[in-house]
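Source file: structure-v7.pdb. Holds: PDB, C-alpha atoms, pLDDT in the B column.
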ATOM      1  CA  MET A   6      21.585  42.730 -22.586  1.00 63.00           C
ATOM      2  CA  ALA A   7      23.188  39.514 -23.850  1.00 70.00           C
ATOM      3  CA  LYS A   8      23.206  36.566 -21.464  1.00 90.00           C
ATOM      4  CA  THR A   9      26.314  34.479 -20.892  1.00 95.00           C
ATOM      5  CA  TYR A  10      26.670  30.775 -20.179  1.00 97.00           C
ATOM      6  CA  ASP A  11      27.538  29.720 -16.639  1.00 96.00           C
ATOM      7  CA  LEU A  12      30.995  28.259 -17.210  1.00 97.00           C
ATOM      8  CA  THR A  13      30.917  26.482 -13.846  1.00 97.00           C
ATOM      9  CA  LYS A  14      28.171  24.278 -15.354  1.00 98.00           C
ATOM     10  CA  VAL A  15      28.537  24.407 -19.141  1.00 97.00           C
ATOM     11  CA  ASP A  16      31.422  23.222 -21.316  1.00 97.00           C
ATOM     12  CA  GLN A  17      31.022  26.037 -23.827  1.00 97.00           C
ATOM     13  CA  THR A  18      33.930  24.874 -25.989  1.00 96.00           C
ATOM     14  CA  VAL A  19      31.924  21.896 -27.243  1.00 96.00           C
ATOM     15  CA  ILE A  20      28.457  23.407 -27.582  1.00 98.00           C
ATOM     16  CA  ALA A  21      26.989  22.131 -30.868  1.00 97.00           C
ATOM     17  CA  ILE A  22      24.620  24.225 -32.940  1.00 98.00           C
ATOM     18  CA  ASP A  23      22.844  23.639 -36.247  1.00 97.00           C
ATOM     19  CA  GLU A  24      21.803  26.997 -37.698  1.00 95.00           C
ATOM     20  CA  GLU A  25      21.231  28.616 -41.065  1.00 93.00           C
ATOM     21  CA  THR A  26      20.434  32.039 -42.540  1.00 91.00           C
ATOM     22  CA  PHE A  27      17.606  32.634 -45.009  1.00 83.00           C
ATOM     23  CA  ILE A  28      16.705  35.721 -47.046  1.00 82.00           C
ATOM     24  CA  GLY A  29      18.960  38.238 -45.358  1.00 81.00           C
ATOM     25  CA  ASP A  30      17.991  38.690 -41.725  1.00 83.00           C
ATOM     26  CA  VAL A  31      15.935  35.540 -41.100  1.00 91.00           C
ATOM     27  CA  ASP A  32      18.080  33.132 -39.089  1.00 93.00           C
ATOM     28  CA  VAL A  33      16.974  29.683 -38.028  1.00 95.00           C
ATOM     29  CA  ARG A  34      18.322  27.300 -35.407  1.00 97.00           C
ATOM     30  CA  TYR A  35      17.433  23.652 -35.754  1.00 97.00           C
ATOM     31  CA  SER A  36      19.187  22.442 -32.617  1.00 98.00           C
ATOM     32  CA  LEU A  37      21.434  23.534 -29.778  1.00 98.00           C
ATOM     33  CA  THR A  38      23.259  20.913 -27.691  1.00 98.00           C
ATOM     34  CA  ILE A  39      24.751  22.081 -24.412  1.00 98.00           C
ATOM     35  CA  PRO A  40      27.110  19.682 -22.594  1.00 98.00           C
ATOM     36  CA  PHE A  41      27.618  20.012 -18.867  1.00 98.00           C
ATOM     37  CA  LEU A  42      31.130  20.511 -17.582  1.00 96.00           C
ATOM     38  CA  ASN A  43      33.105  17.360 -16.681  1.00 93.00           C
ATOM     39  CA  ARG A  44      30.174  15.006 -17.231  1.00 94.00           C
ATOM     40  CA  ARG A  45      30.966  12.191 -19.596  1.00 90.00           C
ATOM     41  CA  GLU A  46      28.475   9.829 -17.965  1.00 94.00           C
ATOM     42  CA  GLY A  47      24.779  10.477 -17.552  1.00 96.00           C
ATOM     43  CA  LEU A  48      21.580  10.950 -19.483  1.00 97.00           C
ATOM     44  CA  SER A  49      20.893  13.072 -22.552  1.00 97.00           C
ATOM     45  CA  VAL A  50      17.714  15.130 -22.515  1.00 97.00           C
ATOM     46  CA  GLY A  51      15.827  16.499 -25.517  1.00 97.00           C
ATOM     47  CA  ILE A  52      13.696  19.614 -25.058  1.00 98.00           C
ATOM     48  CA  VAL A  53      11.189  21.047 -27.539  1.00 97.00           C
ATOM     49  CA  LEU A  54      10.444  24.767 -27.154  1.00 96.00           C
ATOM     50  CA  MET A  55       8.407  27.176 -29.301  1.00 94.00           C
ATOM     51  CA  ASN A  56      11.196  28.996 -31.158  1.00 93.00           C
ATOM     52  CA  PRO A  57      14.772  30.157 -30.501  1.00 94.00           C
ATOM     53  CA  SER A  58      15.250  33.568 -28.927  1.00 91.00           C
ATOM     54  CA  GLU A  59      18.953  34.416 -28.873  1.00 92.00           C
ATOM     55  CA  ALA A  60      21.019  31.475 -27.659  1.00 95.00           C
ATOM     56  CA  ASN A  61      23.847  30.251 -29.885  1.00 95.00           C
ATOM     57  CA  ALA A  62      27.346  28.859 -29.330  1.00 95.00           C
ATOM     58  CA  ASN A  63      28.586  32.136 -27.832  1.00 95.00           C
ATOM     59  CA  THR A  64      25.568  33.701 -26.139  1.00 95.00           C
ATOM     60  CA  SER A  65      22.782  32.253 -24.023  1.00 96.00           C
ATOM     61  CA  ASP A  66      19.339  33.657 -23.170  1.00 94.00           C
ATOM     62  CA  SER A  67      17.157  33.669 -20.068  1.00 93.00           C
ATOM     63  CA  THR A  68      15.107  30.594 -20.995  1.00 94.00           C
ATOM     64  CA  VAL A  69      18.152  28.510 -21.904  1.00 96.00           C
ATOM     65  CA  ASN A  70      19.942  29.549 -18.712  1.00 96.00           C
ATOM     66  CA  LYS A  71      16.907  28.535 -16.675  1.00 96.00           C
ATOM     67  CA  LEU A  72      16.908  25.105 -18.329  1.00 97.00           C
ATOM     68  CA  ILE A  73      20.651  24.742 -17.721  1.00 97.00           C
ATOM     69  CA  ASP A  74      20.252  25.531 -14.013  1.00 97.00           C
ATOM     70  CA  PHE A  75      17.380  23.067 -13.664  1.00 97.00           C
ATOM     71  CA  PHE A  76      18.861  20.116 -15.556  1.00 98.00           C
ATOM     72  CA  TYR A  77      22.352  20.557 -14.157  1.00 98.00           C
ATOM     73  CA  ASP A  78      20.967  19.553 -10.749  1.00 96.00           C
ATOM     74  CA  TYR A  79      18.308  17.128 -11.984  1.00 97.00           C
ATOM     75  CA  GLN A  80      18.689  13.366 -11.651  1.00 95.00           C
ATOM     76  CA  VAL A  81      16.704  10.367 -12.901  1.00 94.00           C
ATOM     77  CA  HIS A  82      17.092   7.316 -10.670  1.00 91.00           C
ATOM     78  CA  LYS A  83      20.288   8.887  -9.283  1.00 92.00           C
ATOM     79  CA  GLN A  84      21.735   9.391 -12.765  1.00 95.00           C
ATOM     80  CA  PRO A  85      22.806  12.958 -13.611  1.00 97.00           C
ATOM     81  CA  ILE A  86      22.107  14.748 -16.881  1.00 98.00           C
ATOM     82  CA  LYS A  87      25.202  15.084 -19.084  1.00 98.00           C
ATOM     83  CA  ASN A  88      23.742  17.309 -21.796  1.00 98.00           C
ATOM     84  CA  ILE A  89      20.584  18.920 -23.100  1.00 98.00           C
ATOM     85  CA  THR A  90      19.550  19.373 -26.731  1.00 98.00           C
ATOM     86  CA  ILE A  91      17.028  22.096 -27.498  1.00 98.00           C
ATOM     87  CA  CYS A  92      14.883  21.945 -30.636  1.00 98.00           C
ATOM     88  CA  ASN A  93      11.811  23.964 -31.532  1.00 97.00           C
ATOM     89  CA  VAL A  94       8.378  23.765 -33.121  1.00 96.00           C
ATOM     90  CA  LEU A  95       9.400  26.790 -35.202  1.00 96.00           C
ATOM     91  CA  PRO A  96      13.152  27.149 -35.793  1.00 96.00           C
ATOM     92  CA  VAL A  97      13.070  30.895 -36.555  1.00 95.00           C
ATOM     93  CA  TYR A  98      15.191  33.105 -34.279  1.00 93.00           C
ATOM     94  CA  ALA A  99      13.011  35.830 -32.746  1.00 90.00           C
ATOM     95  CA  SER A 100      12.855  37.452 -29.313  1.00 83.00           C
ATOM     96  CA  ASN A 101       9.037  37.664 -29.289  1.00 82.00           C
ATOM     97  CA  THR A 102       6.088  36.067 -31.086  1.00 81.00           C
ATOM     98  CA  LYS A 103       5.207  39.202 -33.080  1.00 84.00           C
ATOM     99  CA  SER A 104       8.672  39.148 -34.617  1.00 88.00           C
ATOM    100  CA  THR A 105       8.323  35.403 -35.199  1.00 90.00           C
ATOM    101  CA  LYS A 106       5.122  36.011 -37.164  1.00 90.00           C
ATOM    102  CA  THR A 107       6.841  38.600 -39.362  1.00 91.00           C
ATOM    103  CA  LYS A 108       9.767  36.317 -40.141  1.00 93.00           C
ATOM    104  CA  ILE A 109       7.502  33.353 -40.859  1.00 93.00           C
ATOM    105  CA  ARG A 110       5.614  35.471 -43.367  1.00 93.00           C
ATOM    106  CA  ASP A 111       8.882  36.585 -44.943  1.00 93.00           C
ATOM    107  CA  LEU A 112       9.864  32.945 -45.407  1.00 94.00           C
ATOM    108  CA  HIS A 113       6.450  32.197 -46.887  1.00 95.00           C
ATOM    109  CA  VAL A 114       6.713  35.071 -49.366  1.00 94.00           C
ATOM    110  CA  ALA A 115      10.178  33.830 -50.366  1.00 94.00           C
ATOM    111  CA  ASN A 116       8.670  30.361 -50.908  1.00 95.00           C
ATOM    112  CA  VAL A 117      11.024  28.640 -48.444  1.00 94.00           C
ATOM    113  CA  LEU A 118       8.828  28.255 -45.334  1.00 95.00           C
ATOM    114  CA  ASP A 119       7.749  24.690 -46.102  1.00 95.00           C
ATOM    115  CA  ARG A 120      11.356  23.725 -46.774  1.00 95.00           C
ATOM    116  CA  VAL A 121      12.451  25.190 -43.432  1.00 95.00           C
ATOM    117  CA  GLN A 122       9.747  23.348 -41.490  1.00 96.00           C
ATOM    118  CA  LYS A 123      10.417  20.030 -43.211  1.00 95.00           C
ATOM    119  CA  LEU A 124      14.127  20.413 -42.498  1.00 96.00           C
ATOM    120  CA  ASN A 125      13.258  21.224 -38.893  1.00 96.00           C
ATOM    121  CA  GLU A 126      11.228  18.021 -38.588  1.00 96.00           C
ATOM    122  CA  ALA A 127      13.963  15.878 -40.148  1.00 96.00           C
ATOM    123  CA  LYS A 128      16.711  17.355 -37.986  1.00 97.00           C
ATOM    124  CA  LEU A 129      14.589  17.148 -34.832  1.00 96.00           C
ATOM    125  CA  LYS A 130      14.038  13.447 -35.509  1.00 95.00           C
ATOM    126  CA  VAL A 131      17.793  12.841 -35.701  1.00 95.00           C
ATOM    127  CA  GLU A 132      18.546  14.872 -32.565  1.00 96.00           C
ATOM    128  CA  MET A 133      15.793  13.309 -30.427  1.00 94.00           C
ATOM    129  CA  GLU A 134      16.210   9.709 -31.527  1.00 91.00           C
ATOM    130  CA  ASN A 135      18.633   8.591 -28.819  1.00 90.00           C
ATOM    131  CA  LYS A 136      17.589  10.827 -25.932  1.00 95.00           C
ATOM    132  CA  SER A 137      16.813   9.265 -22.569  1.00 94.00           C
ATOM    133  CA  LEU A 138      13.795  11.510 -22.119  1.00 94.00           C
ATOM    134  CA  ILE A 139      11.999  14.210 -24.085  1.00 96.00           C
ATOM    135  CA  VAL A 140      10.593  17.335 -22.438  1.00 97.00           C
ATOM    136  CA  LEU A 141       7.781  19.177 -24.215  1.00 97.00           C
ATOM    137  CA  ALA A 142       7.764  22.868 -23.328  1.00 96.00           C
ATOM    138  CA  TRP A 143       6.533  24.890 -26.301  1.00 95.00           C
ATOM    139  CA  GLY A 144       3.731  26.864 -24.662  1.00 91.00           C
ATOM    140  CA  LYS A 145       1.255  28.893 -26.724  1.00 87.00           C
ATOM    141  CA  PRO A 146       1.922  32.018 -28.816  1.00 84.00           C
ATOM    142  CA  GLU A 147       0.477  35.320 -27.658  1.00 81.00           C
ATOM    143  CA  VAL A 148      -2.902  36.301 -29.087  1.00 75.00           C
ATOM    144  CA  LYS A 149      -2.848  37.852 -32.581  1.00 77.00           C
ATOM    145  CA  THR A 150       0.722  36.786 -33.320  1.00 83.00           C
ATOM    146  CA  ILE A 151       1.515  33.385 -34.863  1.00 89.00           C
ATOM    147  CA  PRO A 152      -1.673  32.107 -36.582  1.00 86.00           C
ATOM    148  CA  ASN A 153      -3.192  29.217 -34.628  1.00 89.00           C
ATOM    149  CA  LEU A 154      -3.813  26.894 -37.570  1.00 92.00           C
ATOM    150  CA  PHE A 155      -0.249  27.241 -38.791  1.00 93.00           C
ATOM    151  CA  TYR A 156       1.212  26.843 -35.316  1.00 93.00           C
ATOM    152  CA  TYR A 157      -0.771  23.763 -34.366  1.00 94.00           C
ATOM    153  CA  LYS A 158      -0.122  22.165 -37.744  1.00 95.00           C
ATOM    154  CA  GLU A 159       3.567  22.317 -36.855  1.00 95.00           C
ATOM    155  CA  VAL A 160       2.902  21.153 -33.281  1.00 95.00           C
ATOM    156  CA  LEU A 161       1.067  18.094 -34.643  1.00 95.00           C
ATOM    157  CA  ARG A 162       3.993  17.403 -36.951  1.00 93.00           C
ATOM    158  CA  ILE A 163       6.258  17.207 -33.880  1.00 94.00           C
ATOM    159  CA  VAL A 164       3.745  15.249 -31.778  1.00 94.00           C
ATOM    160  CA  ASP A 165       3.312  12.623 -34.505  1.00 93.00           C
ATOM    161  CA  LEU A 166       7.070  12.252 -34.766  1.00 92.00           C
ATOM    162  CA  LEU A 167       7.682  11.965 -31.032  1.00 91.00           C
ATOM    163  CA  SER A 168       4.785   9.558 -30.507  1.00 88.00           C
ATOM    164  CA  THR A 169       6.720   7.128 -32.685  1.00 85.00           C
ATOM    165  CA  LEU A 170      10.193   7.804 -31.284  1.00 81.00           C
ATOM    166  CA  HIS A 171       9.509   8.334 -27.590  1.00 78.00           C
ATOM    167  CA  GLU A 172       5.971   7.345 -26.684  1.00 75.00           C
ATOM    168  CA  ASP A 173       7.070   6.087 -23.241  1.00 81.00           C
ATOM    169  CA  ASN A 174       9.569   8.823 -22.401  1.00 89.00           C
ATOM    170  CA  LEU A 175       7.625  12.080 -22.743  1.00 95.00           C
ATOM    171  CA  TYR A 176       7.619  14.690 -19.996  1.00 96.00           C
ATOM    172  CA  VAL A 177       6.445  18.235 -19.375  1.00 97.00           C
ATOM    173  CA  LEU A 178       7.723  20.842 -16.946  1.00 96.00           C
ATOM    174  CA  ASP A 179       6.201  20.931 -13.479  1.00 95.00           C
ATOM    175  CA  ILE A 180       5.922  24.655 -12.759  1.00 94.00           C
ATOM    176  CA  LYS A 181       5.815  25.967  -9.197  1.00 92.00           C
ATOM    177  CA  ASN A 182       2.362  27.339  -8.244  1.00 91.00           C
ATOM    178  CA  ALA A 183       0.809  26.347 -11.589  1.00 90.00           C
ATOM    179  CA  ILE A 184      -2.798  25.257 -11.080  1.00 91.00           C
ATOM    180  CA  SER A 185      -2.604  22.540 -13.736  1.00 92.00           C
ATOM    181  CA  THR A 186      -0.054  20.490 -15.656  1.00 92.00           C
ATOM    182  CA  PHE A 187      -0.989  22.076 -18.981  1.00 92.00           C
ATOM    183  CA  THR A 188      -2.051  25.613 -19.891  1.00 89.00           C
ATOM    184  CA  GLU A 189      -5.742  26.485 -20.124  1.00 85.00           C
ATOM    185  CA  HIS A 190      -5.497  25.676 -23.851  1.00 85.00           C
ATOM    186  CA  GLY A 191      -3.874  22.297 -23.220  1.00 89.00           C
ATOM    187  CA  ASP A 192      -0.332  23.222 -24.213  1.00 93.00           C
ATOM    188  CA  PRO A 193       2.798  22.066 -22.350  1.00 95.00           C
ATOM    189  CA  ARG A 194       4.000  24.931 -20.184  1.00 94.00           C
ATOM    190  CA  HIS A 195       6.969  27.011 -21.313  1.00 92.00           C
ATOM    191  CA  ALA A 196      10.090  27.676 -19.242  1.00 90.00           C
ATOM    192  CA  GLY A 197      10.223  31.403 -19.912  1.00 80.00           C
ATOM    193  CA  ARG A 198       9.299  34.596 -18.121  1.00 72.00           C
ATOM    194  CA  SER A 199       9.120  34.468 -14.332  1.00 81.00           C
ATOM    195  CA  VAL A 200       8.201  30.792 -13.840  1.00 90.00           C
ATOM    196  CA  THR A 201      10.094  28.559 -11.437  1.00 92.00           C
ATOM    197  CA  LEU A 202      10.840  25.003 -12.568  1.00 95.00           C
ATOM    198  CA  LYS A 203      10.031  22.471  -9.858  1.00 95.00           C
ATOM    199  CA  ASP A 204      10.196  19.017 -11.452  1.00 96.00           C
ATOM    200  CA  LEU A 205       9.216  16.988 -14.508  1.00 97.00           C
ATOM    201  CA  LYS A 206       5.911  15.170 -15.019  1.00 96.00           C
ATOM    202  CA  LYS A 207       5.622  12.113 -17.209  1.00 95.00           C
ATOM    203  CA  ILE A 208       2.760  12.223 -19.718  1.00 94.00           C
ATOM    204  CA  LYS A 209       1.109  10.147 -22.419  1.00 92.00           C
ATOM    205  CA  ILE A 210       0.427  11.328 -25.956  1.00 91.00           C
ATOM    206  CA  SER A 211      -3.303  11.224 -25.201  1.00 91.00           C
ATOM    207  CA  ASP A 212      -2.758  13.844 -22.457  1.00 92.00           C
ATOM    208  CA  LEU A 213      -1.773  16.356 -25.128  1.00 91.00           C
ATOM    209  CA  PHE A 214      -5.216  15.921 -26.692  1.00 90.00           C
ATOM    210  CA  GLY A 215      -7.055  16.143 -23.365  1.00 86.00           C
ATOM    211  CA  LEU A 216      -8.085  12.478 -23.494  1.00 74.00           C
TER
END
Hey, can you dump this file as structure tokens for me?
Amino acid sequence: MAKTYDLTKVDQTVIAIDEETFIGDVDVRYSLTIPFLNRREGLSVGIVLMNPSEANANTSDSTVNKLIDFFYDYQVHKQPIKNITICNVLPVYASNTKSTKTKIRDLHVANVLDRVQKLNEAKLKVEMENKSLIVLAWGKPEVKTIPNLFYYKEVLRIVDLLSTLHEDNLYVLDIKNAISTFTEHGDPRHAGRSVTLKDLKKIKISDLFGL
């Protein structure tokens, strides 16, 4: 069932989205900026997830709604958040990682995958450049779905970019009842499924490499 935006929190009329369609049914979303209602002052937050599920200008999804609820109430030194911009390691719309793998392969066969990922990097750089803080929350694909070497090549592309833009303003999600800041594989934790978001934790680039 399609999720709706909470119009008591979100100014849906000015949601900004950068999306594109490739080879028939393969849609990509480079960024989604969601402004909070009646908030002209405050901080802008950039968030990097794994890949888009369903959210666009008209429809939300469970992960995006969870992020909206969390950041709507979040403050940094008593400053509220005025908007969030969501980008992704992989910009391909898919509701699960098996579907993501299929669509990535379709793009590869059509000889446009590299173009899509380079565009994603360039657009992410523009969107994240002036954010007050960047939240890394891409998680790890399920086993036997997105190939690890491909996935982490794209993760490193994003990490290299953000280490230049926002070395001192990187955060990950602090998940309630999580036994560690990162997953057992060292990935920033994702906001999906049944997790409860508790806070943000500031990190260094070296933390992402376990150093």
Atom pair atom CA of A:Ile86 + atom CA of A:Lys71, distance 14.7 Å
Residues proximal to (1.3, 24.9, -28.9) were defined as those with any atom within 10 Å of that point in the file's coordinates, counting all atoms listed in the file. Which are they, as an MDAnalysis selection string? chainID A and resid 54:55 94 141:146 153 156:161 188 190:195 213
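Evaluated against this file, the PyMOL selection byres ((chain A and resi 29) around 12) yields Glu25, Thr26, Phe27, Ile28, Asp30, Val31, Asp32, Val33, Lys108, Asp111, Leu112 and Ala115 of chain A.
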Quick one: everything within 8 Å of A:Glu172, counting only C-alpha atoms, minus sequence neighbours fewer than 4 positions away in the same chain. Send it as a tab-separated table (two decimals) with C-alpha atoms, keeping the file's coordinate frame.
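out30.tsv written:
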chain	number	residue	atom	x	y	z
A	167	LEU	CA	7.68	11.96	-31.03
A	168	SER	CA	4.78	9.56	-30.51
A	209	LYS	CA	1.11	10.15	-22.42
A	210	ILE	CA	0.43	11.33	-25.96
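Against this structure, the PyMOL selection byres ((chain A and resi 87) around 9) ends up with A:Ile39, A:Pro40, A:Phe41, A:Leu42, A:Asn43, A:Arg44, A:Arg45, A:Glu46, A:Gly47, A:Leu48, A:Ser49, A:Val50, A:Phe76, A:Tyr77, A:Pro85, A:Ile86, A:Asn88, A:Ile89.
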Using all atoms listed in the file, which of the listed residues (A:Glu147, A:Glu189, A:Asp204, A:Glu132) sits closest to A:Leu170? A:Glu132
Test item: the PyMOL selection byres ((chain A and resi 126) around 9) resolved as a list in words: Tyr35, Val94, Val121, Gln122, Lys123, Leu124, Asn125, Ala127, Lys128, Leu129, Lys130, Val131, Glu159, Arg162, Ile163 and Leu166 of chain A
Taking all atoms listed in the file into account, which of A:Leu72, A:Val140, A:Ile20, A:Val117 comes nearest A:Val53? A:Val140
